[in-house]
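Visitor: Sharing structure-v9.cif, mmCIF, C-alpha atoms and all ligand atoms:
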data_data
loop_
_atom_site.label_atom_id
_atom_site.label_comp_id
_atom_site.auth_asym_id
_atom_site.auth_seq_id
_atom_site.Cartn_x
_atom_site.Cartn_y
_atom_site.Cartn_z
CA MET A 12 59.73 10.74 117.79
CA ASP A 13 63.18 9.37 118.48
CA LEU A 14 62.59 6.81 115.85
CA THR A 15 61.70 9.45 113.27
CA PHE A 16 64.85 11.34 114.10
CA ASN A 17 66.92 8.22 113.74
CA LYS A 18 65.37 7.50 110.36
CA VAL A 19 66.08 11.00 109.11
CA ALA A 20 69.61 10.93 110.47
CA GLY A 21 70.12 7.55 108.92
CA ALA A 22 68.91 8.77 105.55
CA VAL A 23 71.21 11.79 105.68
CA LEU A 24 74.15 9.61 106.59
CA ALA A 25 73.38 7.15 103.85
CA THR A 26 73.12 9.90 101.28
CA GLY A 27 76.43 11.33 102.44
CA LEU A 28 78.13 7.97 102.22
CA ALA A 29 76.71 7.39 98.79
CA LEU A 30 78.05 10.76 97.61
CA VAL A 31 81.49 10.08 99.02
CA GLY A 32 81.44 6.70 97.40
CA LEU A 33 80.49 8.20 94.06
CA ARG A 34 83.24 10.75 94.29
CA GLU A 35 85.84 8.13 95.13
CA LEU A 36 84.62 6.11 92.22
CA ALA A 37 84.79 9.13 89.91
CA ASN A 38 88.27 10.02 91.13
CA GLY A 39 89.38 6.50 90.47
CA VAL A 40 88.01 6.61 86.96
CA PHE A 41 89.44 10.02 86.14
CA ALA A 42 92.80 9.36 87.74
CA VAL A 43 93.35 6.58 85.27
CA HIS A 44 92.75 8.92 82.37
CA GLU A 45 94.81 11.73 83.81
CA VAL A 46 98.09 9.90 83.68
CA GLU A 47 97.60 8.73 80.14
CA LYS A 48 99.04 11.78 78.49
CA PRO A 49 100.28 14.91 80.21
CA GLY A 50 99.25 17.84 78.06
CA TYR A 51 102.41 19.68 77.22
CA ALA A 52 101.58 22.64 75.10
CA ILE A 53 105.07 22.77 73.65
CA ALA A 54 106.72 19.94 71.83
CA VAL A 55 110.22 21.17 72.60
CA ALA A 56 109.44 21.25 76.29
CA GLU A 57 108.13 17.74 76.15
CA GLU A 58 111.34 16.46 74.68
CA THR A 59 113.52 18.13 77.25
CA GLU A 60 111.26 17.22 80.17
CA GLY A 61 111.68 13.61 79.28
CA GLY A 62 115.43 13.56 78.69
CA ALA A 63 116.70 14.40 82.12
CA ALA A 64 120.35 14.75 81.15
CA ALA A 65 121.01 17.84 79.07
CA GLU A 66 118.38 20.52 78.80
CA LEU A 67 118.82 22.22 75.48
CA PRO A 68 118.17 25.91 75.25
CA PRO A 69 114.87 26.35 73.45
CA ASP A 70 114.66 27.94 70.04
CA TRP A 71 112.95 31.11 71.22
CA GLY A 72 111.65 32.03 67.79
CA THR A 73 109.80 28.74 67.68
CA VAL A 74 108.61 28.29 71.26
CA LEU A 75 107.54 31.83 72.12
CA PRO A 76 104.88 32.25 69.44
CA ALA A 77 103.50 28.85 70.50
CA ALA A 78 103.68 29.57 74.24
CA ASP A 79 100.66 29.43 76.51
CA VAL A 80 100.42 32.97 77.85
CA ALA A 81 97.49 32.15 80.14
CA ALA A 82 99.51 29.34 81.67
CA GLY A 83 102.37 31.80 82.16
CA GLN A 84 100.03 34.15 83.95
CA ALA A 85 98.95 31.27 86.17
CA VAL A 86 102.56 30.46 87.03
CA PHE A 87 103.04 34.11 87.92
CA ALA A 88 101.04 33.31 91.07
CA LYS A 89 104.38 32.05 92.40
CA CYS A 90 105.83 35.52 92.01
CA THR A 91 103.04 37.76 93.31
CA SER A 92 104.16 37.57 96.93
CA CYS A 93 107.03 39.81 95.80
CA HIS A 94 106.24 41.19 92.34
CA VAL A 95 103.56 43.15 90.54
CA VAL A 96 103.53 43.74 86.77
CA ALA A 97 101.05 46.57 86.40
CA ALA A 98 102.57 49.67 84.84
CA GLY A 99 103.37 52.26 87.48
CA ALA A 100 102.34 50.09 90.44
CA PRO A 101 104.59 50.34 93.51
CA HIS A 102 107.39 47.83 94.07
CA GLY A 103 106.95 45.06 96.60
CA THR A 104 109.69 42.94 98.12
CA GLY A 105 110.80 42.62 94.52
CA PRO A 106 110.70 45.24 91.78
CA ASN A 107 107.68 45.91 89.58
CA LEU A 108 108.29 43.70 86.53
CA TYR A 109 106.43 45.83 83.98
CA GLY A 110 108.66 46.20 80.93
CA VAL A 111 111.42 43.99 82.32
CA VAL A 112 111.77 41.84 79.18
CA GLY A 113 114.35 43.64 77.05
CA ARG A 114 115.22 46.22 79.70
CA LYS A 115 118.49 46.68 81.54
CA PRO A 116 118.74 44.22 84.45
CA GLY A 117 118.07 46.04 87.67
CA GLY A 118 116.58 48.85 85.65
CA ALA A 119 113.27 49.16 87.47
CA PRO A 120 113.34 52.79 88.57
CA GLY A 121 113.28 53.43 92.29
CA PHE A 122 114.01 49.89 93.45
CA ALA A 123 117.08 49.23 95.59
CA PHE A 124 118.72 46.30 93.82
CA SER A 125 121.45 44.24 95.44
CA PRO A 126 125.10 44.94 94.61
CA ALA A 127 125.16 41.49 92.97
CA PHE A 128 122.49 42.65 90.58
CA ALA A 129 124.38 45.83 89.77
CA ASP A 130 127.50 43.77 88.96
CA TYR A 131 125.48 41.49 86.76
CA ALA A 132 123.93 44.44 84.91
CA GLY A 133 127.44 45.71 84.23
CA GLN A 134 128.14 42.57 82.23
CA HIS A 135 124.66 42.13 80.76
CA PRO A 136 123.23 45.42 79.59
CA VAL A 137 119.94 43.88 78.43
CA TRP A 138 117.65 41.11 79.70
CA THR A 139 117.60 38.63 76.80
CA TRP A 140 115.44 35.51 76.52
CA GLU A 141 118.45 33.34 77.37
CA GLU A 142 119.47 35.36 80.40
CA LEU A 143 115.95 35.64 81.80
CA ASP A 144 115.47 31.92 81.27
CA ALA A 145 118.66 31.06 83.13
CA PHE A 146 117.86 33.52 85.92
CA LEU A 147 114.33 32.22 86.44
CA LYS A 148 115.54 28.64 86.40
CA ALA A 149 117.89 29.18 89.32
CA PRO A 150 118.11 32.80 90.48
CA GLN A 151 120.73 32.27 93.17
CA LYS A 152 122.91 30.23 90.88
CA HIS A 153 122.69 32.59 87.93
CA ILE A 154 123.29 35.74 89.97
CA PRO A 155 125.02 34.68 93.17
CA GLY A 156 124.15 37.10 95.93
CA THR A 157 120.86 38.24 94.46
CA LYS A 158 118.25 39.05 97.04
CA MET A 159 115.59 37.28 95.03
CA THR A 160 115.09 34.38 97.42
CA PHE A 161 113.08 32.26 95.07
CA VAL A 162 113.97 28.66 94.34
CA GLY A 163 113.40 28.97 90.60
CA LEU A 164 111.10 27.58 87.92
CA LYS A 165 112.48 24.13 87.23
CA LYS A 166 110.24 23.29 84.29
CA GLN A 167 111.35 24.74 80.99
CA GLU A 168 107.73 24.83 79.86
CA ASP A 169 106.85 27.06 82.83
CA ARG A 170 109.70 29.44 82.05
CA ILE A 171 108.75 29.71 78.39
CA ASN A 172 105.12 30.45 79.24
CA MET A 173 106.24 32.88 81.94
CA LEU A 174 108.47 34.80 79.55
CA ALA A 175 105.72 34.93 76.92
CA TYR A 176 103.44 36.39 79.58
CA LEU A 177 106.00 38.87 80.91
CA ALA A 178 106.83 39.97 77.36
CA GLN A 179 103.24 41.09 76.99
CA GLN A 180 103.56 43.25 80.08
CA GLY A 181 105.41 46.11 78.48
CA GLY A 182 108.25 43.98 77.10
CA THR A 183 110.44 45.44 74.37
CA LEU A 184 112.52 42.43 73.32
CA ALA A 185 111.85 41.14 69.79
CA VAL A 186 111.17 37.49 69.21
CA PRO A 187 113.86 36.14 66.87
CA PRO A 188 112.84 34.37 63.67
CA PRO A 189 112.43 30.61 64.11
CA ASN A 190 115.68 28.71 63.73
CA PRO A 191 114.88 25.08 64.48
CA ALA A 192 118.34 24.03 63.35
CA ALA A 193 119.84 25.66 66.40
CA ALA A 194 117.62 23.67 68.73
CA ALA A 195 118.10 20.48 66.76
CA ALA A 196 121.87 20.80 66.41
CA PRO A 197 122.82 17.72 68.43
CA ALA A 198 120.77 15.55 66.08
CA ALA A 199 122.35 14.17 62.94
CA GLU A 200 123.21 17.07 60.69
CA GLY A 201 121.13 15.89 57.76
CA GLU A 202 118.16 15.51 60.00
CA ALA A 203 118.57 18.94 61.48
CA ALA A 204 118.72 20.55 58.08
CA ALA A 205 115.71 18.61 56.94
CA ALA A 206 113.82 19.64 60.05
CA ALA A 207 114.70 23.25 59.44
CA GLU A 208 113.46 23.11 55.89
CA GLY A 209 110.26 21.42 56.89
CA ALA A 210 109.48 23.65 59.82
CA ALA A 211 110.59 26.98 58.46
CA PRO A 212 107.74 29.18 57.33
CA ALA A 213 107.70 30.76 53.90
CA GLU A 214 109.61 33.83 54.95
CA GLY A 215 112.01 31.59 56.84
CA GLY A 216 114.12 31.16 53.75
CA ALA A 217 116.64 32.95 55.89
CA ALA A 218 116.64 30.01 58.27
CA ALA A 219 117.92 27.63 55.62
CA PRO A 220 121.53 28.86 55.46
CA ALA A 221 121.64 28.71 59.22
CA ALA A 222 120.57 25.10 58.95
CA GLU A 223 123.64 24.24 56.89
CA GLY A 224 125.76 25.61 59.68
CA ALA A 225 123.95 23.45 62.16
CA ALA A 226 127.33 22.68 63.66
CA ALA A 227 127.30 26.09 65.31
CA PRO A 228 124.23 25.98 67.52
CA ALA A 229 123.92 28.94 69.82
CA ALA A 230 126.17 31.09 67.69
CA GLY A 231 123.56 31.26 65.00
CA GLU A 232 121.05 32.53 67.43
CA ALA A 233 122.58 35.76 68.58
CA PRO A 234 122.88 37.47 65.22
CA ALA A 235 119.42 36.24 64.36
CA ALA A 236 118.08 37.94 67.44
CA GLY A 237 119.81 41.15 66.46
CA ALA A 238 118.40 41.07 62.98
CA ALA A 239 115.05 40.42 64.42
CA ALA A 240 112.29 41.58 62.96
CA PRO A 241 109.64 44.01 63.36
CA LYS A 242 108.37 44.57 66.78
CA ALA A 243 104.98 43.56 65.52
CA ALA A 244 106.30 40.00 65.56
CA ALA A 245 106.89 40.17 69.29
CA PRO A 246 104.13 39.38 71.73
CA ALA A 247 105.07 42.73 73.20
CA GLY A 248 102.86 44.44 70.69
CA ALA A 249 99.72 42.90 72.01
CA HIS A 250 98.59 44.24 75.35
C1 LIG U 301 110.63 36.15 97.77
C2 LIG U 301 110.40 37.25 96.88
C3 LIG U 301 110.48 36.98 95.38
C4 LIG U 301 109.80 36.03 94.65
C5 LIG U 301 108.84 34.95 95.13
C6 LIG U 301 110.17 36.26 93.27
N1 LIG U 301 111.05 37.31 93.17
FE1 LIG U 301 111.81 38.09 91.48
N2 LIG U 301 112.92 39.42 92.55
C7 LIG U 301 112.86 39.56 93.93
C8 LIG U 301 113.84 40.55 94.35
C9 LIG U 301 114.10 41.01 95.79
C10 LIG U 301 114.48 40.98 93.17
C11 LIG U 301 115.65 41.97 93.09
C12 LIG U 301 116.92 41.11 93.16
C13 LIG U 301 118.18 41.83 93.62
O1 LIG U 301 118.19 43.06 93.76
O2 LIG U 301 119.17 41.10 93.81
C14 LIG U 301 113.88 40.27 92.06
C15 LIG U 301 114.20 40.46 90.73
C16 LIG U 301 113.54 39.87 89.66
C17 LIG U 301 113.78 40.16 88.27
C18 LIG U 301 114.74 41.20 87.72
C19 LIG U 301 114.03 42.54 87.70
C20 LIG U 301 114.78 43.64 86.99
O3 LIG U 301 114.25 44.77 86.97
O4 LIG U 301 115.87 43.41 86.46
C21 LIG U 301 112.94 39.37 87.56
C22 LIG U 301 112.82 39.31 86.04
C23 LIG U 301 112.18 38.59 88.50
N3 LIG U 301 112.56 38.92 89.76
C24 LIG U 301 111.22 37.68 88.12
C25 LIG U 301 110.53 36.87 89.04
C26 LIG U 301 109.56 35.88 88.64
C27 LIG U 301 109.09 35.66 87.21
C28 LIG U 301 109.15 35.26 89.78
C29 LIG U 301 108.15 34.11 89.91
C30 LIG U 301 108.43 32.96 89.13
C31 LIG U 301 109.86 35.87 90.89
N4 LIG U 301 110.69 36.85 90.39
C32 LIG U 301 109.68 35.52 92.21
C33 LIG U 301 112.05 38.87 94.78
C34 LIG U 301 111.25 37.79 94.44
#
Any chance you could give the structure as structure tokens?
Ligand code: HEC
Guide:
Amino acid sequence: MDLTFNKVAGAVLATGLALVGLRELANGVFAVHEVEKPGYAIAVAEETEGGAAAELPPDWGTVLPAADVAAGQAVFAKCTSCHVVAAGAPHGTGPNLYGVVGRKPGGAPGFAFSPAFADYAGQHPVWTWEELDAFLKAPQKHIPGTKMTFVGLKKQEDRINMLAYLAQQGGTLAVPPPNPAAAAAPAAEGEAAAAAEGAAPAEGGAAAPAAEGAAAPAAGEAPAAGAAAPKAAAPAGAH
């Protein structure tokens, strides 16, 4: 009897060991493949991830339509301890973020924002892509005194995906037309112009003149955002 028990126990143990061994082996095999190429969805993000020094502001008209909204929703898990995004849902520690993209900062009705936020809203009447990006990157740095005690989203790719996701939650901010020249400005001017021509879509004829003025990077972006196009172009349209 004892012997039978020992045999069974031995068999169970052996099977377990074999499984563990297989898993280790599999992990080893897959780990090798994993590091081969990190899958960045966005080329621009890949560039800036690599070059540690200066992080260029993304060309929103280019990166937003290509953003991974599902990935943005996944990153939002970092925010749900304080925020909800469902229309009409009650505020948590942080305000309900439904409709925040394109709204007045601190404009969530019924939430007691910090005085720092009120000051900030006085200078920035609308949440733009640039301002939201900078805020999410380092909340405390961008709005000193904010009561959003969150360290920030350090990866540009995460912020882009996050904003694409938030924009779909009642956002009202238009996506500007692509203007690759603005993002490529630091490159040789000829190259930037060439890139703009190559990348600009048919209707992007408007982007070409901007490319000539590649010397003025961010400046070109603001008017473009103003002139921006039909709301249908924004992810906001799609719920
Ligand atoms: C620890 C809680 C906390 C976490 C985590 C947090 N927030 Fe916040 N958030 C707040 C608070 C509190 C405010 C209001 C800030 C103030 O009044 O100074 C705020 C404000 C904001 C605003 C401005 C809202 C408006 O109406 O103008 C945005 C946008 C925002 N948070 C986005 C995020 C995102 C995206 C994440 C996740 C990546 C996140 N927050 C994570 C607490 C948090």
Visitor: Using all atoms listed in the file, which residues of chain A come within 6 Å of ligand LIG 301 (chain U), and what is the closest atom pair for each, with the distance in Å to one decimal? Give it as CSV, sorted by chain and residue number.
Guide:
residue,atom,partner,partner_atom,distance
A:Phe87,CA,U:LIG301,C29,5.5
A:Lys89,CA,U:LIG301,C29,5.0
A:Cys90,CA,U:LIG301,C29,3.4
A:Ser92,CA,U:LIG301,C5,5.7
A:Cys93,CA,U:LIG301,C2,4.4
A:Thr104,CA,U:LIG301,C9,5.3
A:Gly105,CA,U:LIG301,C8,3.7
A:Pro106,CA,U:LIG301,C10,5.9
A:Leu108,CA,U:LIG301,C19,6.0
A:Val111,CA,U:LIG301,O3,5.5
A:Pro116,CA,U:LIG301,O4,3.6
A:Gly117,CA,U:LIG301,O4,3.6
A:Gly118,CA,U:LIG301,O3,4.9
A:Ala119,CA,U:LIG301,O3,4.5
A:Phe124,CA,U:LIG301,O1,3.3
A:Ser125,CA,U:LIG301,O1,3.9
A:Phe128,CA,U:LIG301,O2,4.9
A:Thr157,CA,U:LIG301,O2,3.4
A:Lys158,CA,U:LIG301,O2,3.9
A:Met159,CA,U:LIG301,C7,3.7
A:Thr160,CA,U:LIG301,C1,4.8
A:Phe161,CA,U:LIG301,C4,5.0
Visitor: Which value, in Å to one decimal, gives the distance between atom CA of A:Pro191 and atom CA of A:Asp70?
Guide: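 We find that atom CA of A:Pro191 and atom CA of A:Asp70 lie 6.3 Å from each other.
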Visitor: Quick one: pull the distance between atom CA of A:Val112 and atom CA of A:Ile171, Å, one decimal.
Guide: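 Rounded to one decimal, the two atoms are 12.5 Å apart.
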Visitor: In terms of the shortest atom-to-atom distance over only C-alpha atoms, which of A:Val80, A:Ala123, A:Leu143, A:Val19 is closest to A:Gln180?
Guide: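 Checking each of A:Val80, A:Ala123, A:Leu143, A:Val19 against A:Gln180, counting only C-alpha atoms, the winner is A:Val80.
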Visitor: State, in Å with one decimal place, the distance from atom CA of A:Met173 to atom CA of A:Pro76.
Guide: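 If I compute the distance from atom CA of A:Met173 to atom CA of A:Pro76, I get 12.6 Å.
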Visitor: Any idea what's packed within 12 Å of A:His153, counting all atoms listed in the file, ignoring anything in its chain fewer than 6 positions away? Could you give it as a PDB file with C-alpha atoms, in the frame of the given file?
Guide:
ATOM      1  CA  ALA A 127     125.160  41.490  92.970  1.00  0.00           C
ATOM      2  CA  PHE A 128     122.490  42.650  90.580  1.00  0.00           C
ATOM      3  CA  TYR A 131     125.480  41.490  86.760  1.00  0.00           C
ATOM      4  CA  GLU A 141     118.450  33.340  77.370  1.00  0.00           C
ATOM      5  CA  GLU A 142     119.470  35.360  80.400  1.00  0.00           C
ATOM      6  CA  LEU A 143     115.950  35.640  81.800  1.00  0.00           C
ATOM      7  CA  ASP A 144     115.470  31.920  81.270  1.00  0.00           C
ATOM      8  CA  ALA A 145     118.660  31.060  83.130  1.00  0.00           C
ATOM      9  CA  PHE A 146     117.860  33.520  85.920  1.00  0.00           C
ATOM     10  CA  LEU A 147     114.330  32.220  86.440  1.00  0.00           C
ATOM     11  CA  MET A 159     115.590  37.280  95.030  1.00  0.00           C
ATOM     12  CA  PHE A 161     113.080  32.260  95.070  1.00  0.00           C
ATOM     13  CA  VAL A 162     113.970  28.660  94.340  1.00  0.00           C
ATOM     14  CA  GLY A 163     113.400  28.970  90.600  1.00  0.00           C
TER      15      GLY A 163
END
Visitor: Rank nothing, just name the residue among A:Gln134, A:Val186, A:Leu164, A:Ala192 nearest to A:Gly83, using all atoms listed in the file.
Guide: A:Leu164
Visitor: Given the choices A:Ala78, A:Gln151, A:Ala132, A:Gly113, which gets closest to A:Tyr176 if the distance is worked out from all atoms listed in the file?
Guide: A:Ala78
Visitor: Name the closest residue to A:Ala129 among the candidates A:Pro155, A:Ala185, A:Arg170, A:Ala178; distances are taken between atoms, counting all atoms listed in the file.
Guide: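 The shortest atom-to-atom distance to A:Ala129 comes from A:Pro155.
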Visitor: Quick one: residues within 8 Å of A:His102, all atoms listed in the file, excluding same-chain residues fewer than 6 positions away - as a list of chain:residue names?
Guide: A:His94, A:Val95, A:Phe122
Visitor: Nearest to A:Pro187: which of A:Ala98, A:Leu174, A:Ala22, A:Leu75 is it, counting all atoms listed in the file?
Guide: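 Residue with the minimum atom-to-atom distance to A:Pro187: A:Leu75.
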